Structures are given as C-alpha cells and as structure tokens.
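The data block below is my_file24.txt; it holds compact mmCIF, C-alpha atoms.
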# COMPACT_ATOMS: atom_id res chain seq x y z
CA MET C 18 153.55 109.15 82.74
CA SER C 19 150.91 111.47 84.19
CA ALA C 20 149.92 111.08 87.82
CA ALA C 21 146.70 109.25 88.63
CA PRO C 22 143.80 111.55 89.50
CA ALA C 23 143.27 112.10 93.22
CA MET C 24 140.53 109.93 94.71
CA THR C 25 137.43 111.82 95.74
CA ILE C 26 136.63 111.25 99.41
CA PRO C 27 132.89 111.15 100.22
CA HIS C 28 131.99 113.45 103.11
CA TYR C 29 128.67 114.28 104.79
CA LEU C 30 128.93 117.91 105.87
CA GLN C 31 125.49 119.20 104.80
CA PHE C 32 122.22 117.52 103.89
CA LYS C 33 122.63 118.61 100.26
CA ASP C 34 125.87 116.62 99.95
CA LEU C 35 123.80 113.61 98.83
CA ASP C 36 121.07 113.36 96.19
CA ALA C 37 117.49 112.13 96.47
CA ALA C 38 118.30 108.67 95.07
CA THR C 39 121.04 108.18 97.66
CA TYR C 40 118.67 109.19 100.45
CA ALA C 41 116.12 106.65 99.22
CA TYR C 42 118.86 104.02 99.42
CA LEU C 43 119.94 105.15 102.91
CA PHE C 44 116.37 104.98 104.24
CA GLU C 45 116.06 101.42 102.91
CA ARG C 46 119.36 100.43 104.49
CA ALA C 47 118.39 102.08 107.80
CA ALA C 48 115.16 100.06 107.83
CA PHE C 49 117.13 96.86 107.14
CA ILE C 50 119.69 97.64 109.85
CA LYS C 51 116.97 98.54 112.34
CA ARG C 52 115.17 95.25 111.70
CA LYS C 53 118.42 93.41 112.45
CA PHE C 54 118.82 95.39 115.68
CA LYS C 55 115.26 94.72 116.84
CA ALA C 56 115.60 91.01 116.08
CA VAL C 57 118.93 90.91 118.00
CA GLU C 58 120.64 89.62 114.85
CA LYS C 59 124.34 90.32 114.48
CA TYR C 60 125.23 92.55 111.53
CA GLN C 61 128.90 93.53 111.54
CA PRO C 62 130.17 94.69 108.15
CA PHE C 63 132.99 96.64 109.89
CA ALA C 64 134.42 93.66 111.77
CA ASP C 65 136.76 92.22 109.11
CA PRO C 66 138.80 94.24 108.61
CA ASP C 67 138.12 96.22 111.77
CA ARG C 68 137.06 99.79 110.98
CA THR C 69 137.67 102.67 113.41
CA LEU C 70 135.60 105.82 113.89
CA ALA C 71 137.18 108.90 115.48
CA MET C 72 134.61 111.10 117.23
CA ILE C 73 135.75 114.67 117.90
CA PHE C 74 133.57 116.75 120.25
CA GLU C 75 134.00 120.48 120.68
CA LYS C 76 130.31 120.60 121.63
CA ALA C 77 129.15 118.09 124.22
CA SER C 78 126.31 115.70 123.41
CA THR C 79 124.42 112.74 124.81
CA ARG C 80 122.53 111.47 121.77
CA THR C 81 125.29 112.09 119.23
CA ARG C 82 127.91 110.24 121.25
CA VAL C 83 125.73 107.29 122.22
CA SER C 84 124.20 106.87 118.76
CA PHE C 85 127.52 106.94 116.89
CA GLU C 86 129.49 104.95 119.48
CA ALA C 87 126.88 102.24 120.02
CA GLY C 88 126.20 102.09 116.29
CA MET C 89 129.85 101.65 115.38
CA TYR C 90 130.36 98.89 117.95
CA GLN C 91 127.19 97.11 116.81
CA MET C 92 128.53 97.18 113.24
CA GLY C 93 131.72 95.46 114.43
CA GLY C 94 133.97 98.52 114.45
CA SER C 95 135.93 100.47 117.04
CA VAL C 96 135.69 104.02 118.36
CA VAL C 97 138.19 106.67 119.45
CA HIS C 98 136.57 109.48 121.47
CA LEU C 99 138.24 112.93 121.55
CA THR C 100 137.14 116.17 123.23
CA THR C 101 138.61 119.67 123.34
CA GLY C 102 140.41 118.61 126.53
CA ASP C 103 142.41 115.87 124.82
CA SER C 104 142.74 117.08 121.22
CA GLN C 105 144.43 120.02 119.52
CA LEU C 106 141.70 120.76 116.98
CA GLY C 107 142.09 124.40 115.98
CA ARG C 108 144.11 125.34 119.08
CA ALA C 109 147.84 124.70 119.28
CA GLU C 110 147.70 122.74 116.03
CA PRO C 111 146.04 123.94 112.80
CA ILE C 112 142.88 122.07 111.84
CA GLU C 113 144.51 121.05 108.58
CA ASP C 114 147.37 119.32 110.42
CA SER C 115 144.98 117.55 112.81
CA ALA C 116 143.06 116.25 109.80
CA ARG C 117 146.21 114.99 108.10
CA VAL C 118 147.29 113.09 111.22
CA ILE C 119 143.98 111.70 112.51
CA SER C 120 142.79 110.56 109.09
CA ARG C 121 145.93 108.41 108.68
CA MET C 122 144.96 106.40 111.76
CA VAL C 123 141.21 105.82 111.41
CA ASP C 124 138.68 104.97 108.72
CA LEU C 125 136.01 107.58 109.46
CA VAL C 126 135.72 110.84 111.42
CA MET C 127 132.66 112.41 113.05
CA ILE C 128 133.00 116.01 114.27
CA ARG C 129 130.61 118.00 116.46
CA THR C 130 131.84 121.57 116.55
CA PHE C 131 130.95 125.24 116.25
CA GLU C 132 131.64 126.90 112.89
CA GLN C 133 130.91 124.99 109.69
CA SER C 134 134.20 126.33 108.34
CA LYS C 135 136.06 124.14 110.85
CA ILE C 136 134.58 120.88 109.65
CA GLU C 137 135.00 121.92 106.02
CA ALA C 138 138.69 122.70 106.61
CA PHE C 139 139.15 119.33 108.31
CA ALA C 140 137.39 117.46 105.49
CA ALA C 141 139.46 119.24 102.84
CA HIS C 142 142.62 117.70 104.32
CA SER C 143 141.24 114.33 105.43
CA ARG C 144 142.09 111.02 103.76
CA VAL C 145 138.85 109.46 105.07
CA PRO C 146 135.15 110.43 105.08
CA VAL C 147 134.08 113.12 107.55
CA ILE C 148 130.57 113.34 109.04
CA ASN C 149 128.96 116.47 110.47
CA GLY C 150 127.67 115.56 113.93
CA LEU C 151 126.45 119.17 114.33
CA THR C 152 127.74 122.65 113.58
CA ASN C 153 126.28 126.09 114.25
CA GLU C 154 124.96 126.11 110.70
CA PHE C 155 123.79 122.55 109.96
CA HIS C 156 122.66 119.30 111.63
CA PRO C 157 122.23 116.80 108.75
CA CYS C 158 122.28 113.57 110.79
CA GLN C 159 119.34 114.77 112.88
CA ILE C 160 117.21 115.62 109.84
CA LEU C 161 118.18 112.27 108.34
CA ALA C 162 116.72 110.61 111.44
CA ASP C 163 113.65 112.85 111.47
CA ILE C 164 112.72 112.08 107.87
CA PHE C 165 113.31 108.35 108.40
CA THR C 166 110.99 108.51 111.42
CA PHE C 167 108.32 110.27 109.36
CA ILE C 168 108.62 107.62 106.62
CA GLU C 169 108.23 104.84 109.20
CA ARG C 170 105.02 106.39 110.54
CA ARG C 171 103.42 108.08 107.52
CA GLY C 172 105.20 106.97 104.34
CA SER C 173 106.87 109.28 101.84
CA ILE C 174 107.50 112.86 102.91
CA GLU C 175 107.30 114.10 99.31
CA GLY C 176 104.52 116.67 98.90
CA LYS C 177 104.01 117.01 102.65
CA VAL C 178 104.19 120.11 104.87
CA VAL C 179 106.63 120.42 107.78
CA ALA C 180 106.05 123.29 110.22
CA TRP C 181 109.19 124.65 111.84
CA VAL C 182 108.37 126.74 114.92
CA GLY C 183 111.14 128.56 116.77
CA ASP C 184 114.72 129.60 116.08
CA GLY C 185 116.06 129.89 112.55
CA ASN C 186 119.02 127.75 113.55
CA ASN C 187 121.05 124.84 112.19
CA MET C 188 118.01 122.57 112.29
CA ALA C 189 115.89 125.04 110.33
CA ASN C 190 118.64 125.51 107.74
CA THR C 191 118.90 121.77 107.26
CA TRP C 192 115.12 121.32 106.97
CA LEU C 193 115.19 123.83 104.08
CA GLN C 194 117.91 121.84 102.32
CA ALA C 195 115.95 118.63 102.79
CA ALA C 196 112.72 120.20 101.49
CA GLU C 197 114.35 121.45 98.32
CA LEU C 198 116.00 118.08 97.68
CA LEU C 199 113.16 115.71 98.61
CA GLY C 200 110.16 117.69 97.38
CA PHE C 201 108.24 118.86 100.45
CA THR C 202 107.48 122.29 101.91
CA VAL C 203 108.62 123.85 105.18
CA HIS C 204 106.41 126.41 106.93
CA VAL C 205 108.83 128.55 108.93
CA SER C 206 107.81 130.76 111.85
CA THR C 207 110.45 132.51 113.94
CA PRO C 208 110.50 135.64 116.10
CA SER C 209 111.73 138.83 114.45
CA GLY C 210 115.52 138.84 114.40
CA TYR C 211 115.82 135.05 114.45
CA GLU C 212 114.80 134.30 110.86
CA VAL C 213 116.09 131.38 108.84
CA ASP C 214 118.82 132.18 106.30
CA PRO C 215 118.04 130.61 102.91
CA VAL C 216 121.24 132.06 101.44
CA LEU C 217 123.35 130.32 104.08
CA ALA C 218 121.42 127.10 103.43
CA GLY C 219 122.12 127.48 99.70
CA ILE C 220 118.45 127.34 98.71
CA ARG C 221 117.83 127.92 95.01
CA ASN C 222 114.10 127.17 94.95
CA PRO C 223 112.23 129.55 97.29
CA ALA C 224 109.03 127.59 96.69
CA CYS C 225 110.30 124.89 99.09
CA TYR C 226 109.48 127.07 102.11
CA LYS C 227 106.99 129.69 103.30
CA VAL C 228 107.48 132.20 106.10
CA PHE C 229 104.78 132.97 108.67
CA LYS C 230 104.83 135.64 111.37
CA ASP C 231 102.19 133.73 113.36
CA PRO C 232 103.33 130.25 114.49
CA LEU C 233 99.71 129.09 114.66
CA GLU C 234 99.29 129.85 110.94
CA ALA C 235 102.54 128.03 110.15
CA CYS C 236 101.13 124.86 111.72
CA ALA C 237 97.87 124.98 109.75
CA GLY C 238 97.58 121.82 107.65
CA ALA C 239 101.05 120.57 108.56
CA HIS C 240 101.82 116.85 108.49
CA LEU C 241 104.73 117.33 110.90
CA VAL C 242 105.32 120.02 113.53
CA THR C 243 108.84 120.33 114.88
CA THR C 244 110.92 122.65 117.00
CA ASP C 245 114.15 122.99 118.98
CA VAL C 246 115.35 124.72 122.13
CA TRP C 247 115.18 128.50 122.12
CA THR C 248 118.85 128.83 123.02
CA SER C 249 121.24 126.54 121.15
CA MET C 250 124.63 125.54 122.53
CA GLY C 251 127.07 128.41 122.19
CA PHE C 252 124.41 131.10 122.57
CA GLU C 253 123.82 130.80 126.33
CA ALA C 254 124.63 134.48 126.93
CA GLU C 255 121.46 135.34 124.99
CA ASN C 256 119.22 133.08 127.05
CA GLU C 257 117.12 135.70 128.88
CA VAL C 258 116.68 137.85 125.77
CA ARG C 259 115.60 134.79 123.81
CA ARG C 260 113.09 133.73 126.48
CA ALA C 261 111.32 137.05 126.06
CA ALA C 262 111.48 137.01 122.26
CA PHE C 263 110.27 133.40 121.86
CA LYS C 264 107.39 133.27 124.35
CA ARG C 265 104.75 133.00 121.55
CA TRP C 266 106.69 130.19 119.87
CA CYS C 267 105.87 127.37 122.28
CA VAL C 268 104.36 124.41 120.40
CA ASP C 269 101.16 123.68 122.30
CA GLU C 270 97.92 121.80 121.82
CA ASP C 271 96.33 124.70 119.90
CA MET C 272 99.10 124.54 117.31
CA MET C 273 98.78 120.78 116.97
CA ARG C 274 95.01 121.10 116.52
CA THR C 275 95.52 123.37 113.49
CA ALA C 276 97.78 120.77 111.88
CA GLN C 277 96.55 117.63 110.13
CA PRO C 278 94.59 115.30 112.46
CA ASP C 279 97.36 112.69 112.22
CA ALA C 280 100.23 115.19 112.34
CA LEU C 281 103.38 114.12 114.16
CA PHE C 282 105.44 116.15 116.61
CA MET C 283 109.24 115.97 116.67
CA HIS C 284 112.00 117.55 118.73
CA CYS C 285 115.72 116.79 118.43
CA LEU C 286 116.16 116.93 122.25
CA PRO C 287 117.02 117.88 124.91
CA ALA C 288 113.65 119.59 125.44
CA HIS C 289 112.48 122.19 127.93
CA ARG C 290 108.82 121.57 128.70
CA GLY C 291 106.97 124.83 129.08
CA GLU C 292 109.39 126.71 126.83
CA GLU C 293 109.61 125.60 123.19
CA VAL C 294 107.02 122.84 123.70
CA SER C 295 104.29 122.09 126.20
CA ALA C 296 104.39 118.89 128.24
CA GLU C 297 101.00 117.93 126.79
CA VAL C 298 102.47 117.90 123.27
CA ILE C 299 105.87 116.28 123.79
CA ASP C 300 104.39 113.63 126.08
CA GLY C 301 101.20 113.29 124.06
CA PRO C 302 100.03 110.74 121.48
CA GLN C 303 101.29 112.69 118.43
CA SER C 304 104.83 112.90 119.73
CA VAL C 305 107.41 110.53 118.23
CA VAL C 306 110.48 112.06 119.89
CA TRP C 307 111.70 108.77 121.40
CA ASP C 308 111.53 106.90 118.10
CA GLU C 309 113.21 109.91 116.52
CA ALA C 310 116.05 109.78 119.07
CA GLU C 311 116.59 106.03 118.57
CA ASN C 312 116.56 106.43 114.82
CA ARG C 313 119.66 108.62 114.98
CA MET C 314 121.61 105.41 115.57
CA HIS C 315 120.00 103.44 112.74
CA VAL C 316 120.35 106.11 110.04
CA GLN C 317 123.91 106.88 111.11
CA LYS C 318 124.79 103.21 110.85
CA ALA C 319 123.41 103.23 107.30
CA LEU C 320 125.33 106.43 106.54
CA MET C 321 128.63 105.06 107.86
CA GLU C 322 128.10 101.85 105.90
CA TYR C 323 127.53 103.86 102.73
CA LEU C 324 130.54 106.14 103.24
CA LEU C 325 132.88 103.22 103.95
CA LEU C 326 131.51 100.42 101.76
CA GLY C 327 129.46 102.19 99.09
CA ARG C 328 126.13 100.81 97.87
CA LEU C 329 125.49 97.20 98.85
CA ALA C 330 123.36 94.87 96.74

Final structure tokens representation of the file:
Amino acid sequence: MSAAPAMTIPHYLQFKDLDAATYAYLFERAAFIKRKFKAVEKYQPFADPDRTLAMIFEKASTRTRVSFEAGMYQMGGSVVHLTTGDSQLGRAEPIEDSARVISRMVDLVMIRTFEQSKIEAFAAHSRVPVINGLTNEFHPCQILADIFTFIERRGSIEGKVVAWVGDGNNMANTWLQAAELLGFTVHVSTPSGYEVDPVLAGIRNPACYKVFKDPLEACAGAHLVTTDVWTSMGFEAENEVRRAAFKRWCVDEDMMRTAQPDALFMHCLPAHRGEEVSAEVIDGPQSVVWDEAENRMHVQKALMEYLLLGRLA
C-alpha cells in the first residue's frame, strides 16, 4: 500500500502566499471580528480545544507582540513568548531542529526575525502554520492591516494609487506584491541607492508600480500616501548616512496637497516626527495611523482563524 500524501501546511510568509479571493474573505472576517471586539462580545473559536501560539522574536516589537498576544487571548487561545535570550533559533541549534520541536508543542508559530531565509527554513520543517511577523525582506501582516484600514475608510483599493515615499525596504516590497495581486498601483520614490527591488518581491507585472525620482511627483493624485522610518531595525549603523540621503523624503503638507483631496496617510510606526513625516501630517486629519495600528490585531485574528480553522461559513 502506498503512503498517504503529505499534508500541505498553510503558511503566511509573504503577501503573495494568498490569492485575491482569500484576501477578500479575510477582510470580511476581520470586519466581523472587529465588530465583535467593539461590541465587547466574546468570540473564542480557539477555546475548545485550546489553541497555542508560539511567538518567536529575534527583532523586538511593541505592536507585533501586543497585537498577536492580545488577539490570541481574545480568541480563547494561549501564547508562548520566546526571544533570542531564551530560544536557540539559529544559534546552538539548527533552525530546522527548532522547527521540528516547537511545532510539535503548539498549533501556530509567529516569527519576527532578520533574513527571510530563516523563516522559510523554519516553515519548511514545521508541522503547523508559520506567520511572518516581519523579516528584512517582507512585512505582510502590516500591509494586510493597511489595506483593511483603507477599505474601512474608502472602500475597495482596486484601481487606486498608493504613494510609497522613503526606503525601498520590506514594507515597499510587500506593497508591490499587494498591488500586483489586488489590482492597484504603487508610486515609489526612494533616494538613489535605496530603490525597491521588484525581483526580490517576485513582481511579474511591472505595470503595478511606477518609479519617481521626485517624492512630490510620486504623491500626485495618490489615494494613499505612506512611509516608514528611514533606518529600519538592523541597519542602525547606517543611520547618519541615511539621514543625509533621505532629507527630501519627509512626507509633509506639500506632498499631501498634491495627492487626492481625501487621500489618507499611513505609517506602520514607530514614527520620527520631523524625519520621514512631519508632525502636521501624522497628527493631522488625513492620518489614520492609530486605526491602522489597531487593525493589526483584527486582521491577524482573522488570519490565525483562517490558518487554523479554514474558511468559516
């Protein structure tokens, strides 16, 4: 008798791991889950049987930890929190062995680390779904929250223009993946030497993004203007060089005025007022950064529900 085929484990390592129909479902579920939260109605699909999430942090975080941990508890599950100080991920123990052990003890793993290759190696040897909480290359949960926030405020993002101003980093890479998949366009403006990498992002349709040398031109007609810190975690040694290179890439009121009159501003936080964004913009009426931050929890709850329980009627 031939062996049964190995079960495919669903992971969420990049934005392109899911298709457009699945994202539509996740946004609906996130809206449902958020309504429950706002109405203080218990919704605990992970309570019986109890489901456990392991969170592994090689990069520290406020929003990622709170959103996943609070979300898992609210859904009736449990959380195990690991950092580089109390885990052996990629140090004394091979990543593959850590994955084999940890995934036998929990139902779901979230990893926030440096190289994408680490989380891919872990997922390849995990018996349970693995979620990318952030890597140097991608940040899919943040873009999931950003798009959900846009939908809440302005409806479908299909056909819209998102202006990315700043570093061609993990956020920019993930915005390109989302644009290609969900049918919108990203206007990218970065300083020379900090360009986005469409090859790394796996982009097959170059029409999903346009590159601008002038950040003001990138914002023209945009429905959403978004940015990130000039120096991402792990690149602190480049901080002073980056400050000089990025000084024209501060999202200010002039940039927002060139965008659509009802354009939104987003930032994944933490933010440095006076660097990548002016105080007038991030604290102004077009900014939705606090809704965006809260929505990390709601979309991640929907994502965990989907990875563990599949589609619910």

Just want the 10 Å neighbourhood of Arg260 of chain C, counted on all atoms listed in the file, with same-chain residues fewer than 6 positions away dropped. Output as a PyMOL selection string. chain C and resi 247-248+266+292-293

Here is a test: counting all atoms listed in the file, which residue of C:Met127, C:Leu217, C:Ala71, C:Leu325 is nearest to Asn153 of chain C? C:Leu217

Of the residues C:Ser95, C:Leu125, C:Tyr90, C:Cys158, which is the one nearest to Val316 of chain C, using all atoms listed in the file? C:Cys158

Using all atoms listed in the file, find each residue in segment 240-279 of chain C having at least one atom no more than 9 Å away from segment 171-180 of chain C; report its shortest atom-to-atom pair and that distance in Å (one decimal), rows by chain then rising number, as JSON lines.
{"residue": "C:His240", "atom": "CA", "partner": "C:Val178", "partner_atom": "CA", "distance": 5.4}
{"residue": "C:Leu241", "atom": "CA", "partner": "C:Val179", "partner_atom": "CA", "distance": 4.8}
{"residue": "C:Val242", "atom": "CA", "partner": "C:Ala180", "partner_atom": "CA", "distance": 4.7}
{"residue": "C:Thr243", "atom": "CA", "partner": "C:Ala180", "partner_atom": "CA", "distance": 6.2}
{"residue": "C:Thr244", "atom": "CA", "partner": "C:Ala180", "partner_atom": "CA", "distance": 8.4}
{"residue": "C:Ala276", "atom": "CA", "partner": "C:Ala180", "partner_atom": "CA", "distance": 8.8}
{"residue": "C:Asp279", "atom": "CA", "partner": "C:Arg171", "partner_atom": "CA", "distance": 8.9}

Which residue gives the smallest distance to Ala189 of chain C among C:Gly102, C:Cys285, C:Met272, C:Pro278, with only C-alpha atoms counted?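 Looking at the shortest contact to Ala189 of chain C, the residue is C:Cys285.
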
Could you tell me which of C:Asp65, C:Asp271, C:Leu198, C:Ala162 comes closest to Ala38 of chain C if we count all atoms listed in the file?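 Closest residue, counting all atoms listed in the file: C:Leu198.
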
So how many Å separate atom CA of Thr81 of chain C and atom CA of Gly251 of chain C, to one decimal?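 Atom CA of Gly251 of chain C lies 16.7 Å from atom CA of Thr81 of chain C.
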
Ranking C:Ile112, C:Ala330, C:Ala319, C:Ala296 by minimum distance to Tyr60 of chain C and counting only C-alpha atoms, which one comes first?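 For Tyr60 of chain C, the nearest of the given residues is C:Ala319.
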
Counting only C-alpha atoms, which of C:Ile128, C:Met188, C:Ile26, C:Ala196 gets nearest to Lys227 of chain C? C:Ala196

Close residues, segment 82-87 of chain C itself excluded, 7 Å, only C-alpha atoms, min 6 positions apart in chain, as a JSON list (two decimals) with C-alpha atoms, in the frame of the given file:
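For reference, around_25.json as written:
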[["chain", "number", "residue", "atom", "x", "y", "z"],
["C", 96, "VAL", "CA", 135.69, 104.02, 118.36],
["C", 313, "ARG", "CA", 119.66, 108.62, 114.98],
["C", 314, "MET", "CA", 121.61, 105.41, 115.57],
["C", 317, "GLN", "CA", 123.91, 106.88, 111.11]]

Return as lines of an AutoDock Vina configuration file the centre and edge lengths, in Å with one decimal, of the box along x, y and z that encloses every atom of segment 110-125 of chain C in the file, padded by 3 Å per side.
center_x = 141.9
center_y = 114.5
center_z = 112.1
size_x = 17.7
size_y = 25.0
size_z = 13.9

Would you compute the distance between atom CA of Pro111 of chain C and atom CA of Thr130 of chain C? Give it in Å to one decimal.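 Interatomic distance here is 14.9 Å.
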
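Here atom CA of Ala109 of chain C stands at a distance of 23.1 Å from atom CA of Leu70 of chain C.
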
For segment 66-69 of chain C, please output as a PDB file with C-alpha atoms, in the frame of the given file all residues within 12 Å (counting only C-alpha atoms; exclusion window: fewer than 6 positions along the same chain).
ATOM      1  CA  PHE C  85     127.520 106.940 116.890  1.00  0.00           C
ATOM      2  CA  GLU C  86     129.490 104.950 119.480  1.00  0.00           C
ATOM      3  CA  GLY C  88     126.200 102.090 116.290  1.00  0.00           C
ATOM      4  CA  MET C  89     129.850 101.650 115.380  1.00  0.00           C
ATOM      5  CA  TYR C  90     130.360  98.890 117.950  1.00  0.00           C
ATOM      6  CA  GLN C  91     127.190  97.110 116.810  1.00  0.00           C
ATOM      7  CA  MET C  92     128.530  97.180 113.240  1.00  0.00           C
ATOM      8  CA  GLY C  93     131.720  95.460 114.430  1.00  0.00           C
ATOM      9  CA  GLY C  94     133.970  98.520 114.450  1.00  0.00           C
ATOM     10  CA  SER C  95     135.930 100.470 117.040  1.00  0.00           C
ATOM     11  CA  VAL C  96     135.690 104.020 118.360  1.00  0.00           C
ATOM     12  CA  VAL C  97     138.190 106.670 119.450  1.00  0.00           C
ATOM     13  CA  HIS C  98     136.570 109.480 121.470  1.00  0.00           C
ATOM     14  CA  ILE C 119     143.980 111.700 112.510  1.00  0.00           C
ATOM     15  CA  SER C 120     142.790 110.560 109.090  1.00  0.00           C
ATOM     16  CA  ARG C 121     145.930 108.410 108.680  1.00  0.00           C
ATOM     17  CA  MET C 122     144.960 106.400 111.760  1.00  0.00           C
ATOM     18  CA  VAL C 123     141.210 105.820 111.410  1.00  0.00           C
ATOM     19  CA  ASP C 124     138.680 104.970 108.720  1.00  0.00           C
ATOM     20  CA  LEU C 125     136.010 107.580 109.460  1.00  0.00           C
ATOM     21  CA  VAL C 126     135.720 110.840 111.420  1.00  0.00           C
ATOM     22  CA  MET C 127     132.660 112.410 113.050  1.00  0.00           C
ATOM     23  CA  VAL C 145     138.850 109.460 105.070  1.00  0.00           C
ATOM     24  CA  PRO C 146     135.150 110.430 105.080  1.00  0.00           C
ATOM     25  CA  MET C 321     128.630 105.060 107.860  1.00  0.00           C
ATOM     26  CA  GLU C 322     128.100 101.850 105.900  1.00  0.00           C
ATOM     27  CA  LEU C 324     130.540 106.140 103.240  1.00  0.00           C
ATOM     28  CA  LEU C 325     132.880 103.220 103.950  1.00  0.00           C
ATOM     29  CA  LEU C 326     131.510 100.420 101.760  1.00  0.00           C
TER      30      LEU C 326
END
